[in-house]
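Source file: upload_24.txt (compact mmCIF, C-alpha atoms)
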# COMPACT_ATOMS: atom_id res chain seq x y z
CA MET A 1 -43.55 207.45 -83.39
CA GLN A 2 -42.07 204.31 -84.82
CA LEU A 3 -41.16 202.16 -81.87
CA ILE A 4 -38.36 200.39 -83.71
CA PHE A 5 -36.14 200.91 -80.69
CA ASP A 6 -38.18 198.80 -78.28
CA PHE A 7 -36.80 195.51 -77.07
CA PRO A 8 -39.50 193.05 -75.90
CA ASN A 9 -41.28 194.69 -72.98
CA ASN A 10 -41.97 191.77 -70.67
CA PRO A 11 -45.13 192.49 -68.64
CA GLN A 12 -43.68 190.42 -65.79
CA TYR A 13 -40.81 192.86 -65.34
CA ARG A 14 -42.10 195.10 -62.56
CA LEU A 15 -40.48 196.82 -59.63
CA ASP A 16 -42.65 194.94 -57.13
CA ASN A 17 -41.38 191.55 -58.31
CA PHE A 18 -37.73 192.49 -58.73
CA VAL A 19 -35.72 190.42 -56.27
CA ILE A 20 -33.73 192.78 -54.06
CA CYS A 21 -30.46 191.38 -52.70
CA ASP A 22 -27.10 192.69 -51.57
CA GLY A 23 -25.77 192.82 -55.12
CA ASN A 24 -28.51 195.07 -56.52
CA ARG A 25 -29.76 196.95 -53.47
CA THR A 26 -28.02 200.23 -54.34
CA ALA A 27 -29.27 200.18 -57.94
CA THR A 28 -32.80 199.49 -56.72
CA GLU A 29 -32.71 202.36 -54.24
CA PHE A 30 -31.43 204.69 -56.97
CA VAL A 31 -34.26 203.57 -59.26
CA LYS A 32 -36.82 204.45 -56.59
CA ARG A 33 -35.28 207.92 -56.29
CA ILE A 34 -35.40 208.41 -60.06
CA ILE A 35 -39.10 207.51 -60.43
CA GLU A 36 -40.26 209.76 -57.59
CA ASN A 37 -42.23 212.68 -59.01
CA ASN A 38 -40.54 215.30 -56.84
CA SER A 39 -37.06 213.81 -56.89
CA GLU A 40 -34.15 216.06 -57.77
CA GLU A 41 -32.36 213.05 -59.25
CA ASN A 42 -32.73 212.86 -63.03
CA LEU A 43 -29.83 210.70 -64.17
CA LEU A 44 -29.04 207.07 -63.40
CA TYR A 45 -26.49 204.73 -64.95
CA PHE A 46 -26.38 201.13 -63.74
CA TYR A 47 -24.30 198.29 -65.07
CA GLY A 48 -23.72 194.58 -64.67
CA PRO A 49 -23.16 191.37 -66.66
CA LYS A 50 -25.76 189.80 -68.91
CA GLY A 51 -28.44 188.01 -66.92
CA SER A 52 -28.02 190.15 -63.80
CA GLY A 53 -31.44 191.80 -64.02
CA LYS A 54 -30.59 195.09 -65.75
CA THR A 55 -33.35 194.79 -68.37
CA HIS A 56 -35.89 193.81 -65.69
CA LEU A 57 -35.03 196.91 -63.68
CA LEU A 58 -35.01 199.22 -66.71
CA THR A 59 -38.37 197.85 -67.89
CA ALA A 60 -39.77 198.49 -64.41
CA VAL A 61 -38.51 202.09 -64.64
CA ASN A 62 -40.18 202.37 -68.04
CA LYS A 63 -43.52 201.24 -66.64
CA GLU A 64 -43.41 203.70 -63.75
CA LEU A 65 -42.29 206.70 -65.82
CA SER A 66 -44.79 205.88 -68.60
CA LYS A 67 -47.55 205.74 -66.01
CA THR A 68 -46.53 209.16 -64.69
CA ALA A 69 -46.28 210.61 -68.22
CA GLY A 70 -49.60 209.14 -69.29
CA SER A 71 -48.07 207.67 -72.45
CA ASN A 72 -45.69 204.90 -73.41
CA ILE A 73 -42.01 205.80 -73.38
CA PRO A 74 -40.01 203.62 -75.78
CA LEU A 75 -36.99 201.75 -74.51
CA ILE A 76 -34.00 202.33 -76.76
CA ASN A 77 -31.88 199.24 -77.35
CA MET A 78 -28.50 200.54 -78.43
CA ALA A 79 -27.60 197.48 -80.53
CA SER A 80 -30.83 197.87 -82.52
CA LEU A 81 -30.45 201.63 -82.80
CA ALA A 82 -26.95 201.30 -84.25
CA GLU A 83 -28.43 199.27 -87.12
CA GLN A 84 -31.11 201.86 -88.01
CA ASN A 85 -31.17 205.12 -89.94
CA TYR A 86 -31.40 206.98 -86.65
CA ASN A 87 -31.00 210.57 -87.83
CA GLU A 88 -34.57 210.96 -89.09
CA LEU A 89 -35.99 209.77 -85.77
CA PHE A 90 -33.90 211.76 -83.33
CA SER A 91 -36.11 214.83 -83.65
CA GLU A 92 -39.03 212.71 -82.42
CA LEU A 93 -36.96 211.25 -79.60
CA LYS A 94 -36.28 214.77 -78.34
CA GLN A 95 -39.98 215.12 -77.51
CA LEU A 96 -40.04 212.19 -75.09
CA PRO A 97 -40.55 212.82 -71.36
CA ALA A 98 -37.65 210.48 -70.50
CA LEU A 99 -34.63 208.90 -72.16
CA LEU A 100 -34.20 205.18 -71.47
CA ILE A 101 -31.27 203.38 -73.12
CA ASP A 102 -30.36 199.73 -72.66
CA ASP A 103 -26.82 198.46 -73.35
CA ILE A 104 -25.19 201.75 -74.30
CA ASP A 105 -21.89 199.89 -74.46
CA GLU A 106 -23.19 198.42 -77.75
CA ILE A 107 -22.93 201.86 -79.35
CA GLY A 108 -19.93 200.86 -81.46
CA ALA A 109 -17.38 203.15 -83.05
CA ASP A 110 -19.81 205.17 -85.22
CA ALA A 111 -18.66 208.73 -84.43
CA ASP A 112 -21.85 210.30 -85.84
CA LEU A 113 -24.05 208.11 -83.66
CA GLN A 114 -21.99 208.93 -80.57
CA ILE A 115 -22.31 212.66 -81.26
CA ALA A 116 -26.05 212.28 -81.83
CA ILE A 117 -26.47 210.43 -78.50
CA TRP A 118 -24.32 213.06 -76.76
CA GLN A 119 -26.54 215.83 -78.15
CA LEU A 120 -29.68 213.93 -77.21
CA PHE A 121 -28.30 213.46 -73.70
CA ASN A 122 -27.62 217.18 -73.41
CA ASP A 123 -31.14 218.05 -74.58
CA PHE A 124 -32.71 215.88 -71.89
CA HIS A 125 -30.31 216.85 -69.13
CA SER A 126 -30.64 220.59 -69.78
CA THR A 127 -34.44 220.34 -69.50
CA ASP A 128 -34.35 218.25 -66.29
CA ARG A 129 -35.94 215.19 -67.88
CA LYS A 130 -35.21 211.70 -66.60
CA ILE A 131 -32.33 209.72 -68.12
CA VAL A 132 -31.75 206.05 -67.25
CA ILE A 133 -29.01 204.11 -69.01
CA THR A 134 -27.69 200.56 -68.61
CA ALA A 135 -24.50 198.83 -69.72
CA SER A 136 -22.34 195.81 -68.97
CA SER A 137 -19.46 197.89 -67.63
CA PRO A 138 -18.81 201.26 -65.94
CA PRO A 139 -18.61 204.31 -68.24
CA LYS A 140 -14.82 204.56 -68.26
CA GLU A 141 -14.49 200.93 -69.40
CA ILE A 142 -16.72 201.23 -72.47
CA LYS A 143 -14.58 200.71 -75.55
CA ASN A 144 -14.37 203.18 -78.44
CA ILE A 145 -16.63 205.76 -76.83
CA ASN A 146 -16.27 209.55 -76.97
CA GLU A 147 -14.75 211.02 -73.79
CA HIS A 148 -17.38 213.77 -73.73
CA LEU A 149 -20.11 211.13 -73.61
CA ILE A 150 -18.28 209.24 -70.86
CA SER A 151 -18.13 212.39 -68.75
CA ARG A 152 -21.89 212.90 -69.20
CA LEU A 153 -22.64 209.37 -68.01
CA LEU A 154 -20.78 210.11 -64.78
CA TRP A 155 -22.82 213.22 -63.97
CA GLY A 156 -25.55 211.38 -62.09
CA LEU A 157 -26.08 208.29 -59.97
CA VAL A 158 -23.97 205.26 -60.88
CA ALA A 159 -24.59 201.77 -59.49
CA LYS A 160 -23.20 198.32 -60.12
CA ILE A 161 -25.38 195.20 -60.21
CA ASP A 162 -23.46 192.13 -59.08
CA ILE A 163 -25.48 189.08 -58.11
CA SER A 164 -22.65 186.58 -58.36
CA ASP A 165 -22.56 185.80 -54.63
CA ASP A 166 -24.41 182.76 -53.33
CA ASN A 167 -26.76 184.69 -51.04
CA SER A 168 -28.01 186.83 -53.92
CA ARG A 169 -28.51 183.81 -56.16
CA LYS A 170 -30.35 181.93 -53.43
CA ALA A 171 -32.66 184.88 -52.84
CA ILE A 172 -33.41 185.05 -56.56
CA MET A 173 -34.12 181.32 -56.82
CA LYS A 174 -36.45 181.42 -53.84
CA LYS A 175 -38.38 184.30 -55.41
CA LEU A 176 -38.56 182.52 -58.76
CA ALA A 177 -39.85 179.41 -56.98
CA GLU A 178 -42.41 181.47 -55.06
CA ASP A 179 -43.64 183.01 -58.33
CA ARG A 180 -44.14 179.48 -59.67
CA GLN A 181 -45.85 178.35 -56.47
CA ILE A 182 -43.33 175.63 -55.80
CA ILE A 183 -41.24 174.76 -52.75
CA LEU A 184 -37.54 174.50 -53.47
CA PRO A 185 -35.54 172.59 -50.81
CA GLU A 186 -32.17 174.00 -49.79
CA ASP A 187 -30.26 171.02 -51.16
CA VAL A 188 -31.85 171.59 -54.57
CA ILE A 189 -30.80 175.25 -54.48
CA ASP A 190 -27.24 174.26 -53.57
CA TYR A 191 -27.21 171.68 -56.38
CA LEU A 192 -28.34 174.24 -58.96
CA LEU A 193 -25.75 176.76 -57.82
CA LEU A 194 -23.01 174.20 -58.38
CA ASN A 195 -24.24 172.70 -61.64
CA ILE A 196 -25.76 175.38 -63.88
CA GLN A 197 -24.82 178.82 -65.12
CA ARG A 198 -25.64 181.37 -62.46
CA ASP A 199 -27.34 184.04 -64.56
CA ILE A 200 -31.07 184.68 -64.06
CA PRO A 201 -32.26 183.25 -67.43
CA SER A 202 -30.43 179.96 -66.75
CA LEU A 203 -31.89 179.74 -63.25
CA THR A 204 -35.36 180.41 -64.65
CA VAL A 205 -35.04 177.65 -67.26
CA ALA A 206 -33.81 175.20 -64.60
CA LEU A 207 -36.74 175.91 -62.28
CA ASP A 208 -39.23 175.53 -65.12
CA ARG A 209 -37.75 172.14 -66.01
CA ILE A 210 -37.90 171.00 -62.38
CA LYS A 211 -41.50 172.18 -62.03
CA GLU A 212 -42.47 170.37 -65.23
CA GLN A 213 -40.76 167.15 -64.07
CA ALA A 214 -42.61 167.30 -60.74
CA PHE A 215 -45.92 167.84 -62.54
CA ILE A 216 -45.39 165.03 -65.04
CA THR A 217 -44.26 162.49 -62.42
CA LYS A 218 -46.67 163.77 -59.73
CA ARG A 219 -43.84 163.92 -57.17
CA LYS A 220 -42.61 166.48 -54.70
CA ILE A 221 -39.51 168.41 -55.65
CA SER A 222 -36.40 166.77 -54.23
CA LEU A 223 -32.72 166.60 -55.05
CA LYS A 224 -33.29 163.32 -56.92
CA LEU A 225 -36.08 164.82 -59.00
CA ALA A 226 -34.01 167.94 -59.74
CA LYS A 227 -31.13 165.82 -61.03
CA GLU A 228 -33.57 163.88 -63.23
CA ALA A 229 -35.05 167.10 -64.60
CA MET A 230 -31.65 168.60 -65.41
CA ALA A 231 -30.60 165.36 -67.16
CA VAL A 232 -33.60 165.52 -69.52
CA LYS A 233 -32.70 167.11 -72.86
Can you dump the structure from the file as structure tokens?
Amino acid sequence: MQLIFDFPNNPQYRLDNFVICDGNRTATEFVKRIIENNSEENLLYFYGPKGSGKTHLLTAVNKELSKTAGSNIPLINMASLAEQNYNELFSELKQLPALLIDDIDEIGADADLQIAIWQLFNDFHSTDRKIVITASSPPKEIKNINEHLISRLLWGLVAKIDISDDNSRKAIMKKLAEDRQIILPEDVIDYLLLNIQRDIPSLTVALDRIKEQAFITKRKISLKLAKEAMAVK
């Protein structure tokens, strides 16, 4: 199969290193239920803003389900799919052991594509195969989408990922620091929360800059060093 649907499958995106906090706990528990071999749950839809960890969690699902299936299951990025001649590949997609779609809210107003996804959904659901779908918003808030497809997305488990609260962000930063084998003082965490964008990619870039500044200057991480690192362009 042509894996033109795959978005970059980051090997670091695993379930065991996904930071669980109040804002994503429900989604994480639902994921664990989906990947269980004997689980009766076959459908999960989770949503949240960009940078909240949706792709990390979906990639982790992909790894676990691919391991169970004994073969790689492609991740379908809806924005990429909408740009392809998808009709000739849908017959191959129907043979997959699971349907994994990222950013279904990028489906656009193409009526034929929406019908094709709806039919694909029905094929998987009627044969009790796993379906995991992500988006930035709940099903009923997706613009220009077929009502029949919306109703299908509400058939299973639905969870929101919201890591905008300070406790969730602090937990994520501490885990990112632990992964980089650095100690991040509380005042540095508070400074970052106040002075940078609070999505995970931005936090990751900030920590990498602070780690690099500490390495170059051979100093311990402190609030002063963090401010220096963030001032470097």
**Item:** Surrounding residues of Met78 in chain A excluding itself and chain neighbours under 5 positions, 8 Å, only C-alpha atoms, as a PyMOL selection string
**Value:** chain A and resi 5+101-107
Can you pull out the residues contacting range 201-208 of chain A? Cut-off 10 Å, using only C-alpha atoms, and skip same-chain residues under 5 positions away; I want them as a PDB file with C-alpha atoms, in the coordinates of the input.
ATOM      1  CA  LYS A  50     -25.760 189.800 -68.910  1.00  0.00           C
ATOM      2  CA  GLY A  51     -28.440 188.010 -66.920  1.00  0.00           C
ATOM      3  CA  SER A  52     -28.020 190.150 -63.800  1.00  0.00           C
ATOM      4  CA  GLY A  53     -31.440 191.800 -64.020  1.00  0.00           C
ATOM      5  CA  ARG A 169     -28.510 183.810 -56.160  1.00  0.00           C
ATOM      6  CA  ILE A 172     -33.410 185.050 -56.560  1.00  0.00           C
ATOM      7  CA  MET A 173     -34.120 181.320 -56.820  1.00  0.00           C
ATOM      8  CA  LEU A 176     -38.560 182.520 -58.760  1.00  0.00           C
ATOM      9  CA  ALA A 177     -39.850 179.410 -56.980  1.00  0.00           C
ATOM     10  CA  ARG A 180     -44.140 179.480 -59.670  1.00  0.00           C
ATOM     11  CA  ILE A 182     -43.330 175.630 -55.800  1.00  0.00           C
ATOM     12  CA  LEU A 184     -37.540 174.500 -53.470  1.00  0.00           C
ATOM     13  CA  ILE A 189     -30.800 175.250 -54.480  1.00  0.00           C
ATOM     14  CA  LEU A 192     -28.340 174.240 -58.960  1.00  0.00           C
ATOM     15  CA  LEU A 193     -25.750 176.760 -57.820  1.00  0.00           C
ATOM     16  CA  ILE A 196     -25.760 175.380 -63.880  1.00  0.00           C
ATOM     17  CA  GLN A 213     -40.760 167.150 -64.070  1.00  0.00           C
ATOM     18  CA  ALA A 214     -42.610 167.300 -60.740  1.00  0.00           C
ATOM     19  CA  ALA A 226     -34.010 167.940 -59.740  1.00  0.00           C
ATOM     20  CA  ALA A 229     -35.050 167.100 -64.600  1.00  0.00           C
ATOM     21  CA  MET A 230     -31.650 168.600 -65.410  1.00  0.00           C
TER      22      MET A 230
END
**Item:** Minimum-distance residue to Tyr13 in chain A, chosen among A:Ile115, A:Val61, A:Val31, A:Ala79 (using only C-alpha atoms)
**Value:** A:Val61
Which neighbours of Trp155 in chain A fall inside 9 Å, counting only C-alpha atoms, when residues of the same chain fewer than 4 positions from it are skipped, and could you give them as a short mmCIF file (atom, residue, chain, number, x, y, z; two decimals) with C-alpha atoms, keeping the file's coordinate frame?
data_model
loop_
_atom_site.label_atom_id
_atom_site.label_comp_id
_atom_site.auth_asym_id
_atom_site.auth_seq_id
_atom_site.Cartn_x
_atom_site.Cartn_y
_atom_site.Cartn_z
CA LEU A 43 -29.83 210.70 -64.17
CA LEU A 44 -29.04 207.07 -63.40
CA SER A 151 -18.13 212.39 -68.75
#
Per residue of range 113-161 of chain A within 7 Å of range 17-27 of chain A, which atom pair is closest and at what distance in Å (one decimal), using only C-alpha atoms, listed by chain and increasing number, as JSON lines?
{"residue": "A:Ala159", "atom": "CA", "partner": "A:Ala27", "partner_atom": "CA", "distance": 5.2}
{"residue": "A:Lys160", "atom": "CA", "partner": "A:Ala27", "partner_atom": "CA", "distance": 6.7}
{"residue": "A:Ile161", "atom": "CA", "partner": "A:Asn24", "partner_atom": "CA", "distance": 4.8}
**Request:** Find the distance between CA of Leu194 in chain A and CA of Lys175 in chain A and write it in Å to one decimal.
**Result:**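 According to the coordinates, CA of Leu194 in chain A and CA of Lys175 in chain A are separated by 18.6 Å.
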**Request:** Using CA of Asp199 in chain A and CA of Ser136 in chain A as the two end points, give the distance in Å to one decimal.
**Result:**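 That distance, rounded to one decimal, is 13.5 Å.
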**Message:** Between CA of Pro49 in chain A and CA of Arg14 in chain A, what distance in Å does the model show, to one decimal?
**Reply:** 19.7 Å
**Item:** Spatial neighbours of Asn37 in chain A, 12 Å, all atoms listed in the file, chain gap at least 5 places, as an MDAnalysis selection string
**Value:** chainID A and resid 32 42 64:65 67:69 129:130
